[in-house]
>>> print(open('structure_15.cif').read())   # mmCIF, C-alpha atoms
data_input
loop_
_atom_site.group_PDB
_atom_site.id
_atom_site.type_symbol
_atom_site.label_atom_id
_atom_site.label_comp_id
_atom_site.auth_asym_id
_atom_site.auth_seq_id
_atom_site.Cartn_x
_atom_site.Cartn_y
_atom_site.Cartn_z
ATOM 1 C CA MET A 40 9.453 55.267 7.736
ATOM 2 C CA LYS A 41 7.026 54.532 4.894
ATOM 3 C CA LYS A 42 7.570 50.808 5.414
ATOM 4 C CA LEU A 43 6.839 51.165 9.133
ATOM 5 C CA LEU A 44 3.616 53.090 8.549
ATOM 6 C CA ASN A 45 2.405 50.798 5.768
ATOM 7 C CA PRO A 46 4.035 47.339 5.908
ATOM 8 C CA ILE A 47 1.153 45.871 3.861
ATOM 9 C CA GLU A 48 2.343 47.808 0.805
ATOM 10 C CA PHE A 49 5.866 46.388 0.809
ATOM 11 C CA PHE A 50 5.923 42.955 2.414
ATOM 12 C CA GLY A 51 4.386 39.687 1.239
ATOM 13 C CA GLU A 52 1.524 38.316 3.343
ATOM 14 C CA LYS A 53 3.339 35.120 4.418
ATOM 15 C CA LYS A 54 6.486 36.931 5.536
ATOM 16 C CA LEU A 55 4.428 39.535 7.382
ATOM 17 C CA LEU A 56 2.218 36.924 9.058
ATOM 18 C CA THR A 57 5.250 34.972 10.296
ATOM 19 C CA ILE A 58 6.836 38.109 11.800
ATOM 20 C CA ASN A 59 3.498 39.254 13.228
ATOM 21 C CA LEU A 60 2.875 35.883 14.919
ATOM 22 C CA ILE A 61 6.348 35.928 16.512
ATOM 23 C CA VAL A 62 5.695 39.488 17.741
ATOM 24 C CA PHE A 63 2.250 38.390 18.981
ATOM 25 C CA ILE A 64 3.762 35.599 21.117
ATOM 26 C CA ALA A 65 6.537 37.870 22.427
ATOM 27 C CA GLY A 66 4.088 40.739 23.056
ATOM 28 C CA THR A 67 1.568 38.551 24.878
ATOM 29 C CA THR A 68 4.330 37.081 27.055
ATOM 30 C CA LEU A 69 5.519 40.613 27.852
ATOM 31 C CA ALA A 70 1.948 41.688 28.654
ATOM 32 C CA VAL A 71 1.582 38.753 31.076
ATOM 33 C CA PHE A 72 4.795 39.720 32.895
ATOM 34 C CA MET A 73 3.702 43.378 33.015
ATOM 35 C CA LYS A 74 0.228 42.364 34.253
ATOM 36 C CA ALA A 75 -1.489 43.941 31.249
ATOM 37 C CA THR A 76 -4.771 42.981 29.683
ATOM 38 C CA PHE A 77 -6.704 44.249 26.648
ATOM 39 C CA GLY A 78 -10.426 44.967 26.498
ATOM 40 C CA SER A 79 -10.818 46.145 22.914
ATOM 41 C CA PRO A 80 -8.576 47.085 19.948
ATOM 42 C CA ILE A 81 -7.866 50.463 21.581
ATOM 43 C CA ASP A 82 -7.790 49.409 25.223
ATOM 44 C CA LEU A 83 -4.863 48.558 27.482
ATOM 45 C CA HIS A 84 -5.140 48.312 31.229
ATOM 46 C CA PHE A 85 -3.215 46.826 34.102
ATOM 47 C CA ALA A 86 -4.430 44.659 36.958
ATOM 48 C CA SER A 87 -2.932 43.685 40.290
ATOM 49 C CA GLU A 88 -3.476 40.013 39.457
ATOM 50 C CA ILE A 89 -3.938 38.538 35.989
ATOM 51 C CA SER A 90 -4.031 35.061 34.486
ATOM 52 C CA VAL A 91 -2.042 34.069 31.397
ATOM 53 C CA LEU A 92 -5.218 32.783 29.760
ATOM 54 C CA ASN A 93 -7.066 36.050 30.397
ATOM 55 C CA THR A 94 -4.325 38.179 28.806
ATOM 56 C CA LEU A 95 -3.985 35.764 25.877
ATOM 57 C CA LEU A 96 -7.724 35.598 25.206
ATOM 58 C CA SER A 97 -8.189 39.368 25.576
ATOM 59 C CA ASN A 98 -5.362 39.960 23.087
ATOM 60 C CA ILE A 99 -6.808 37.432 20.617
ATOM 61 C CA SER A 100 -10.276 38.969 20.989
ATOM 62 C CA ALA A 101 -8.886 42.499 20.353
ATOM 63 C CA ILE A 102 -7.077 41.227 17.235
ATOM 64 C CA LEU A 103 -10.146 39.397 15.894
ATOM 65 C CA MET A 104 -12.354 42.404 16.557
ATOM 66 C CA MET A 105 -10.030 44.712 14.631
ATOM 67 C CA THR A 106 -9.737 42.121 11.830
ATOM 68 C CA ALA A 107 -13.536 41.980 11.571
ATOM 69 C CA ILE A 108 -13.753 45.799 11.470
ATOM 70 C CA LEU A 109 -11.164 46.043 8.679
ATOM 71 C CA PHE A 110 -12.555 43.093 6.720
ATOM 72 C CA ILE A 111 -16.217 44.180 6.825
ATOM 73 C CA SER A 112 -15.465 47.807 5.903
ATOM 74 C CA GLY A 113 -12.908 46.662 3.305
ATOM 75 C CA LYS A 114 -15.459 44.338 1.675
ATOM 76 C CA ILE A 115 -18.036 47.155 1.568
ATOM 77 C CA ILE A 116 -15.537 49.399 -0.273
ATOM 78 C CA ASN A 117 -13.830 46.773 -2.432
ATOM 79 C CA LEU A 118 -14.908 43.141 -2.821
ATOM 80 C CA LYS A 119 -11.304 42.127 -3.539
ATOM 81 C CA THR A 120 -10.230 42.917 0.044
ATOM 82 C CA ARG A 121 -8.427 39.892 1.509
ATOM 83 C CA PHE A 122 -8.822 38.515 5.037
ATOM 84 C CA ILE A 123 -5.085 37.820 5.394
ATOM 85 C CA ASP A 124 -4.221 41.513 4.877
ATOM 86 C CA CYS A 125 -6.766 42.568 7.512
ATOM 87 C CA LEU A 126 -5.401 39.992 9.974
ATOM 88 C CA ASN A 127 -1.838 41.124 9.308
ATOM 89 C CA LEU A 128 -2.739 44.758 9.910
ATOM 90 C CA SER A 129 -4.600 43.899 13.132
ATOM 91 C CA LEU A 130 -1.617 41.945 14.446
ATOM 92 C CA TYR A 131 0.761 44.755 13.449
ATOM 93 C CA LEU A 132 -1.393 47.379 15.194
ATOM 94 C CA ARG A 133 -0.813 45.655 18.550
ATOM 95 C CA ILE A 134 2.927 46.499 18.565
ATOM 96 C CA PRO A 135 2.652 50.039 20.069
ATOM 97 C CA TYR A 136 0.619 48.585 22.963
ATOM 98 C CA TYR A 137 3.205 45.882 23.654
ATOM 99 C CA PHE A 138 5.774 48.656 24.116
ATOM 100 C CA LEU A 139 3.400 50.560 26.409
ATOM 101 C CA THR A 140 3.183 47.595 28.801
ATOM 102 C CA PHE A 141 6.791 48.379 29.823
ATOM 103 C CA TRP A 142 5.422 51.353 31.752
ATOM 104 C CA ASN A 143 4.116 48.981 34.413
ATOM 105 C CA ILE A 144 7.588 47.583 35.059
ATOM 106 C CA THR A 145 7.615 49.266 38.483
ATOM 107 C CA GLY A 146 4.067 48.050 39.173
ATOM 108 C CA THR A 147 2.691 51.608 39.447
ATOM 109 C CA PHE A 148 -0.505 50.897 37.544
ATOM 110 C CA SER A 149 -1.132 47.518 39.176
ATOM 111 C CA ASP A 150 -0.819 49.168 42.609
ATOM 112 C CA MET A 151 -3.261 51.896 41.616
ATOM 113 C CA THR A 152 -5.772 49.309 40.349
ATOM 114 C CA SER A 153 -5.438 47.439 43.627
ATOM 115 C CA LYS A 154 -6.019 50.657 45.607
ATOM 116 C CA LEU A 155 -8.996 51.529 43.426
ATOM 117 C CA LEU A 156 -10.632 48.210 44.237
ATOM 118 C CA ASN A 157 -9.964 48.482 47.959
ATOM 119 C CA GLN A 158 -10.441 52.211 48.679
ATOM 120 C CA ASN A 159 -13.371 54.511 48.299
ATOM 121 C CA SER A 160 -11.538 57.821 48.376
ATOM 122 C CA ILE A 161 -10.064 59.150 45.104
ATOM 123 C CA THR A 162 -7.277 60.895 47.034
ATOM 124 C CA GLU A 163 -5.810 57.479 47.821
ATOM 125 C CA LEU A 164 -5.245 57.004 44.098
ATOM 126 C CA LEU A 165 -3.093 60.061 43.628
ATOM 127 C CA PRO A 166 0.539 59.194 42.817
ATOM 128 C CA SER A 167 2.507 59.006 46.027
ATOM 129 C CA SER A 168 6.016 59.657 44.678
ATOM 130 C CA THR A 169 7.751 61.703 41.999
ATOM 131 C CA ILE A 170 8.663 58.522 40.131
ATOM 132 C CA ASP A 171 5.000 57.474 40.064
ATOM 133 C CA MET A 172 4.085 60.919 38.769
ATOM 134 C CA ILE A 173 6.704 60.693 35.989
ATOM 135 C CA VAL A 174 5.560 57.167 35.077
ATOM 136 C CA ILE A 175 1.885 58.182 34.876
ATOM 137 C CA THR A 176 2.539 61.413 32.945
ATOM 138 C CA SER A 177 4.878 59.765 30.437
ATOM 139 C CA PHE A 178 2.407 56.888 30.035
ATOM 140 C CA SER A 179 -0.423 59.320 29.276
ATOM 141 C CA ILE A 180 1.649 61.130 26.654
ATOM 142 C CA LEU A 181 2.890 57.888 25.080
ATOM 143 C CA SER A 182 -0.642 56.435 25.023
ATOM 144 C CA LEU A 183 -1.777 59.410 22.973
ATOM 145 C CA ILE A 184 1.235 59.044 20.651
ATOM 146 C CA ALA A 185 0.474 55.297 20.294
ATOM 147 C CA LEU A 186 -3.149 56.070 19.395
ATOM 148 C CA ALA A 187 -2.080 58.677 16.823
ATOM 149 C CA LEU A 188 0.461 56.237 15.388
ATOM 150 C CA LYS A 189 -2.187 53.513 15.126
ATOM 151 C CA ALA A 190 -4.525 55.937 13.348
ATOM 152 C CA LEU A 191 -1.759 56.794 10.848
ATOM 153 C CA ILE A 192 -0.952 53.107 10.244
ATOM 154 C CA VAL A 193 -4.648 52.336 9.700
ATOM 155 C CA TYR A 194 -4.981 55.310 7.305
ATOM 156 C CA PHE A 195 -2.059 54.257 5.080
ATOM 157 C CA SER A 196 -2.494 50.485 5.301
ATOM 158 C CA PHE A 197 -6.269 50.509 4.805
ATOM 159 C CA LYS A 198 -5.638 52.408 1.564
ATOM 160 C CA THR A 199 -3.530 49.459 0.354
ATOM 161 C CA ILE A 200 -5.851 46.779 1.720
ATOM 162 C CA SER A 201 -9.069 48.096 0.188
ATOM 163 C CA ASN A 202 -7.855 50.656 -2.391
ATOM 164 C CA ALA A 203 -9.729 53.297 -0.381
ATOM 165 C CA LYS A 204 -9.461 56.779 -1.855
ATOM 166 C CA LYS A 205 -12.435 58.863 -0.849
ATOM 167 C CA ILE A 206 -13.338 60.350 2.528
ATOM 168 C CA ALA A 207 -16.556 58.290 2.334
ATOM 169 C CA ASP A 208 -14.448 55.105 2.361
ATOM 170 C CA TYR A 209 -12.846 56.130 5.640
ATOM 171 C CA LEU A 210 -16.231 57.148 7.063
ATOM 172 C CA ILE A 211 -17.401 53.567 6.381
ATOM 173 C CA LEU A 212 -14.381 52.307 8.338
ATOM 174 C CA VAL A 213 -15.136 54.634 11.263
ATOM 175 C CA GLY A 214 -18.826 53.646 11.157
ATOM 176 C CA VAL A 215 -18.073 49.901 11.226
ATOM 177 C CA PHE A 216 -15.449 50.471 13.946
ATOM 178 C CA LEU A 217 -17.917 52.286 16.230
ATOM 179 C CA THR A 218 -20.714 49.772 15.515
ATOM 180 C CA ILE A 219 -18.575 46.747 16.391
ATOM 181 C CA LEU A 220 -17.113 48.503 19.441
ATOM 182 C CA ILE A 221 -20.600 49.318 20.757
ATOM 183 C CA LEU A 222 -21.890 45.819 19.952
ATOM 184 C CA SER A 223 -18.937 44.273 21.791
ATOM 185 C CA LEU A 224 -19.921 46.195 24.947
ATOM 186 C CA PHE A 225 -23.260 44.395 24.951
ATOM 187 C CA LEU A 226 -21.875 41.010 23.932
ATOM 188 C CA PHE A 227 -18.932 40.730 26.352
ATOM 189 C CA MET B 165 18.698 57.464 -30.376
ATOM 190 C CA LYS B 166 15.240 56.052 -30.991
ATOM 191 C CA ALA B 167 12.690 58.868 -31.301
ATOM 192 C CA LYS B 168 9.832 58.678 -28.804
ATOM 193 C CA LEU B 169 6.325 59.001 -30.193
ATOM 194 C CA PRO B 170 4.687 62.055 -28.631
ATOM 195 C CA THR B 171 1.108 61.438 -27.477
ATOM 196 C CA LEU B 172 0.382 64.770 -25.765
ATOM 197 C CA CYS B 173 0.311 68.199 -27.369
ATOM 198 C CA PRO B 174 3.383 70.202 -26.253
ATOM 199 C CA SER B 175 1.282 73.360 -26.368
ATOM 200 C CA CYS B 176 -1.952 72.494 -24.526
ATOM 201 C CA GLU B 177 -1.133 68.956 -23.253
ATOM 202 C CA GLU B 178 -4.269 67.484 -24.840
ATOM 203 C CA LEU B 179 -4.102 64.055 -26.450
ATOM 204 C CA LEU B 180 -2.766 64.141 -30.020
ATOM 205 C CA SER B 181 -4.381 62.286 -32.925
ATOM 206 C CA VAL B 182 -2.753 60.738 -36.010
ATOM 207 C CA SER B 183 -3.136 62.942 -39.106
ATOM 208 C CA GLN B 184 -0.545 61.488 -41.476
ATOM 209 C CA LEU B 185 0.918 58.030 -42.172
ATOM 210 C CA SER B 186 3.556 57.311 -44.766
ATOM 211 C CA CYS B 187 5.035 54.235 -46.461
ATOM 212 C CA GLU B 188 8.847 54.301 -46.340
ATOM 213 C CA HIS B 189 8.992 51.862 -49.281
ATOM 214 C CA CYS B 190 6.864 53.638 -51.952
ATOM 215 C CA GLN B 191 6.489 57.065 -50.282
ATOM 216 C CA THR B 192 2.671 56.809 -50.275
ATOM 217 C CA ILE B 193 1.145 59.227 -47.791
ATOM 218 C CA VAL B 194 -2.218 58.692 -46.123
ATOM 219 C CA GLN B 195 -3.861 61.693 -44.562
ATOM 220 C CA GLY B 196 -6.830 61.787 -42.234
ATOM 221 C CA THR B 197 -7.715 61.986 -38.538
ATOM 222 C CA TYR B 198 -7.268 58.802 -36.590
ATOM 223 C CA PRO B 199 -7.381 58.439 -32.794
ATOM 224 C CA LEU B 200 -4.331 57.016 -31.045
ATOM 225 C CA PRO B 201 -4.551 53.333 -30.053
ATOM 226 C CA VAL B 202 -5.701 52.836 -26.422
ATOM 227 C CA PHE B 203 -2.269 51.614 -25.340
ATOM 228 C CA LEU B 204 -0.706 54.920 -26.434
ATOM 229 C CA GLU B 205 -3.345 56.912 -24.585
ATOM 230 C CA LEU B 206 -2.017 55.515 -21.323
ATOM 231 C CA SER B 207 0.801 57.118 -19.367
ATOM 232 C CA PRO B 208 4.333 55.673 -19.822
ATOM 233 C CA LYS B 209 4.071 54.223 -16.302
ATOM 234 C CA GLU B 210 0.828 52.440 -17.185
ATOM 235 C CA GLN B 211 2.293 51.170 -20.466
ATOM 236 C CA GLU B 212 5.252 49.757 -18.568
ATOM 237 C CA PHE B 213 2.882 48.107 -16.082
ATOM 238 C CA ILE B 214 0.989 46.370 -18.916
ATOM 239 C CA LEU B 215 4.238 45.123 -20.457
ATOM 240 C CA ARG B 216 5.461 43.785 -17.107
ATOM 241 C CA PHE B 217 2.066 42.163 -16.489
ATOM 242 C CA PHE B 218 2.252 40.483 -19.911
ATOM 243 C CA LEU B 219 5.845 39.314 -19.372
ATOM 244 C CA ALA B 220 4.905 37.892 -15.963
ATOM 245 C CA SER B 221 2.219 35.776 -17.728
ATOM 246 C CA GLY B 222 -0.505 37.801 -16.033
ATOM 247 C CA SER B 223 0.590 36.786 -12.546
ATOM 248 C CA LEU B 224 0.183 39.654 -10.084
ATOM 249 C CA LYS B 225 2.084 37.693 -7.426
ATOM 250 C CA GLU B 226 5.042 37.278 -9.775
ATOM 251 C CA MET B 227 4.905 40.988 -10.616
ATOM 252 C CA ALA B 228 4.760 41.941 -6.943
ATOM 253 C CA SER B 229 7.897 39.927 -6.183
ATOM 254 C CA GLN B 230 9.682 41.449 -9.207
ATOM 255 C CA LEU B 231 8.757 44.991 -8.136
ATOM 256 C CA GLY B 232 9.496 44.380 -4.441
ATOM 257 C CA VAL B 233 5.996 45.337 -3.312
ATOM 258 C CA SER B 234 3.029 43.367 -1.973
ATOM 259 C CA TYR B 235 0.215 41.695 -3.891
ATOM 260 C CA PRO B 236 -2.517 44.204 -2.846
ATOM 261 C CA THR B 237 -0.316 47.107 -4.026
ATOM 262 C CA VAL B 238 -0.024 45.635 -7.541
ATOM 263 C CA ARG B 239 -3.699 44.647 -7.560
ATOM 264 C CA ASN B 240 -4.671 48.241 -6.681
ATOM 265 C CA GLN B 241 -2.510 49.580 -9.535
ATOM 266 C CA LEU B 242 -4.240 47.179 -11.922
ATOM 267 C CA ASP B 243 -7.703 48.159 -10.637
ATOM 268 C CA ASP B 244 -6.850 51.860 -11.065
ATOM 269 C CA MET B 245 -5.689 51.201 -14.630
ATOM 270 C CA ILE B 246 -8.844 49.244 -15.466
ATOM 271 C CA GLN B 247 -10.886 52.178 -14.172
ATOM 272 C CA HIS B 248 -8.750 54.617 -16.198
ATOM 273 C CA ILE B 249 -9.281 52.608 -19.405
ATOM 274 C CA LYS B 250 -13.034 52.429 -18.714
ATOM 275 C CA ASP B 251 -13.046 56.213 -18.230
ATOM 276 C CA LEU B 252 -11.386 56.691 -21.643
ATOM 277 C CA ASP B 253 -14.725 55.571 -23.065
ATOM 278 C CA ILE B 254 -13.364 53.500 -25.951
#
>>> encode(input="structure_15.cif", output="structure tokens")
Amino acid sequence: MKKLLNPIEFFGEKKLLTINLIVFIAGTTLAVFMKATFGSPIDLHFASEISVLNTLLSNISAILMMTAILFISGKIINLKTRFIDCLNLSLYLRIPYYFLTFWNITGTFSDMTSKLLNQNSITELLPSSTIDMIVITSFSILSLIALALKALIVYFSFKTISNAKKIADYLILVGVFLTILILSLFLF
Amino acid sequence: MKAKLPTLCPSCEELLSVSQLSCEHCQTIVQGTYPLPVFLELSPKEQEFILRFFLASGSLKEMASQLGVSYPTVRNQLDDMIQHIKDLDI
């Protein structure tokens, strides 16, 4: 469990990068098939129609954004913070979202997005069957679990990456995270 | 069994100092108050780390592979030890 929550502490950077890149390719391919796309490091949404390039670029942009957040805050706390560790953590943090894309296997979310674009009434968006209801409810719960898991991974791994110890160190991370997230809204 | 040199007081757990040294050859005894060398002021874990670091020719990457952990983990341990030694105010 400790190795899953903080792989940076136990595995060498080359080994981790190789595994992470394989997972990245597999995860992006899965996301394309499940019609998923990513807007930011904490965003996952489904569309009725997507392009391979769009999903790939959105995933790369989410990874680079998270890498920048970790690297900038890591450098502020400890100048010895390495880029490769930040990149590895960013790639690793995508894994919970790759699993979440499975929840669109029945196309529930793509259908809802399509309806949202074509209808004005919110009642049209309500789940029409029990299966849809189960899919949406379980997705909501699992999304929250995925977010909590990501927060835990960041907490433990950032400690290894930057030797962060104090609450102030984590406040720097949160500050840089929010700044880059807000800036990205204006830039993209 | 080789006796282990105590560095902490068994009563109050404060750092001990050297008050007597003796020559096994001529039985001369030197008395006084001398502080322990810095190396002995470190915890056994830290002493072991320094020895491993020395035996790995100062390579943190080599140490990391020997210990089965990553490079940043070993580097953080070293940074913490450097800070600890600075705090000892030697």
>>> interface_residues(input="structure_15.cif", of="chain A", to="chain B", cutoff="12 Å", atoms="only C-alpha atoms", output="PDB file with C-alpha atoms, keeping the file's coordinate frame")
ATOM      1  CA  LYS A  42       7.570  50.808   5.414  1.00  0.00           C
ATOM      2  CA  ASN A  45       2.405  50.798   5.768  1.00  0.00           C
ATOM      3  CA  PRO A  46       4.035  47.339   5.908  1.00  0.00           C
ATOM      4  CA  ILE A  47       1.153  45.871   3.861  1.00  0.00           C
ATOM      5  CA  GLU A  48       2.343  47.808   0.805  1.00  0.00           C
ATOM      6  CA  PHE A  49       5.866  46.388   0.809  1.00  0.00           C
ATOM      7  CA  PHE A  50       5.923  42.955   2.414  1.00  0.00           C
ATOM      8  CA  GLY A  51       4.386  39.687   1.239  1.00  0.00           C
ATOM      9  CA  GLU A  52       1.524  38.316   3.343  1.00  0.00           C
ATOM     10  CA  LYS A  53       3.339  35.120   4.418  1.00  0.00           C
ATOM     11  CA  LYS A  54       6.486  36.931   5.536  1.00  0.00           C
ATOM     12  CA  LEU A  55       4.428  39.535   7.382  1.00  0.00           C
ATOM     13  CA  ASN A 117     -13.830  46.773  -2.432  1.00  0.00           C
ATOM     14  CA  LEU A 118     -14.908  43.141  -2.821  1.00  0.00           C
ATOM     15  CA  LYS A 119     -11.304  42.127  -3.539  1.00  0.00           C
ATOM     16  CA  THR A 120     -10.230  42.917   0.044  1.00  0.00           C
ATOM     17  CA  ARG A 121      -8.427  39.892   1.509  1.00  0.00           C
ATOM     18  CA  PHE A 122      -8.822  38.515   5.037  1.00  0.00           C
ATOM     19  CA  ILE A 123      -5.085  37.820   5.394  1.00  0.00           C
ATOM     20  CA  ASP A 124      -4.221  41.513   4.877  1.00  0.00           C
ATOM     21  CA  CYS A 125      -6.766  42.568   7.512  1.00  0.00           C
ATOM     22  CA  PHE A 195      -2.059  54.257   5.080  1.00  0.00           C
ATOM     23  CA  SER A 196      -2.494  50.485   5.301  1.00  0.00           C
ATOM     24  CA  PHE A 197      -6.269  50.509   4.805  1.00  0.00           C
ATOM     25  CA  LYS A 198      -5.638  52.408   1.564  1.00  0.00           C
ATOM     26  CA  THR A 199      -3.530  49.459   0.354  1.00  0.00           C
ATOM     27  CA  ILE A 200      -5.851  46.779   1.720  1.00  0.00           C
ATOM     28  CA  SER A 201      -9.069  48.096   0.188  1.00  0.00           C
ATOM     29  CA  ASN A 202      -7.855  50.656  -2.391  1.00  0.00           C
ATOM     30  CA  ALA A 203      -9.729  53.297  -0.381  1.00  0.00           C
ATOM     31  CA  LYS A 204      -9.461  56.779  -1.855  1.00  0.00           C
TER      32      LYS A 204
END
>>> atom_distance(input="structure_15.cif", atom1="CA of Phe72 (chain A)", atom2="CA of Tyr137 (chain A)")
11.2 Å
>>> residues_around(input="structure_15.cif", residues="region 201-205 of chain B", least_positions_apart="6", cutoff="12 Å", atoms="only C-alpha atoms", output="NGL selection string")
:B and (168-172 or 178-182 or 211-215 or 245-246 or 248-254)
>>> residues_around(input="structure_15.cif", residues="Thr145 (chain A)", least_positions_apart="6", cutoff="9 Å", atoms="all atoms listed in the file", output="PyMOL selection string")
chain A and resi 73+171+174
>>> resolve_selection(input="structure_15.cif", expression="the PyMOL selection byres ((chain A and resi 108) around 9)", output="short mmCIF file (atom, residue, chain, number, x, y, z; two decimals) with C-alpha atoms, in the coordinates of the input")
data_model
loop_
_atom_site.label_atom_id
_atom_site.label_comp_id
_atom_site.auth_asym_id
_atom_site.auth_seq_id
_atom_site.Cartn_x
_atom_site.Cartn_y
_atom_site.Cartn_z
CA LEU A 103 -10.15 39.40 15.89
CA MET A 104 -12.35 42.40 16.56
CA MET A 105 -10.03 44.71 14.63
CA THR A 106 -9.74 42.12 11.83
CA ALA A 107 -13.54 41.98 11.57
CA LEU A 109 -11.16 46.04 8.68
CA PHE A 110 -12.56 43.09 6.72
CA ILE A 111 -16.22 44.18 6.82
CA SER A 112 -15.46 47.81 5.90
CA GLY A 113 -12.91 46.66 3.30
CA CYS A 125 -6.77 42.57 7.51
CA LEU A 212 -14.38 52.31 8.34
CA VAL A 213 -15.14 54.63 11.26
CA VAL A 215 -18.07 49.90 11.23
CA PHE A 216 -15.45 50.47 13.95
CA THR A 218 -20.71 49.77 15.52
CA ILE A 219 -18.58 46.75 16.39
#
>>> resolve_selection(input="structure_15.cif", expression="the PyMOL selection byres ((chain B and resi 198) around 7)", output="PDB file with C-alpha atoms, keeping the file's coordinate frame")
ATOM      1  CA  SER B 181      -4.381  62.286 -32.925  1.00  0.00           C
ATOM      2  CA  VAL B 182      -2.753  60.738 -36.010  1.00  0.00           C
ATOM      3  CA  SER B 183      -3.136  62.942 -39.106  1.00  0.00           C
ATOM      4  CA  GLY B 196      -6.830  61.787 -42.234  1.00  0.00           C
ATOM      5  CA  THR B 197      -7.715  61.986 -38.538  1.00  0.00           C
ATOM      6  CA  PRO B 199      -7.381  58.439 -32.794  1.00  0.00           C
ATOM      7  CA  LEU B 200      -4.331  57.016 -31.045  1.00  0.00           C
TER       8      LEU B 200
END
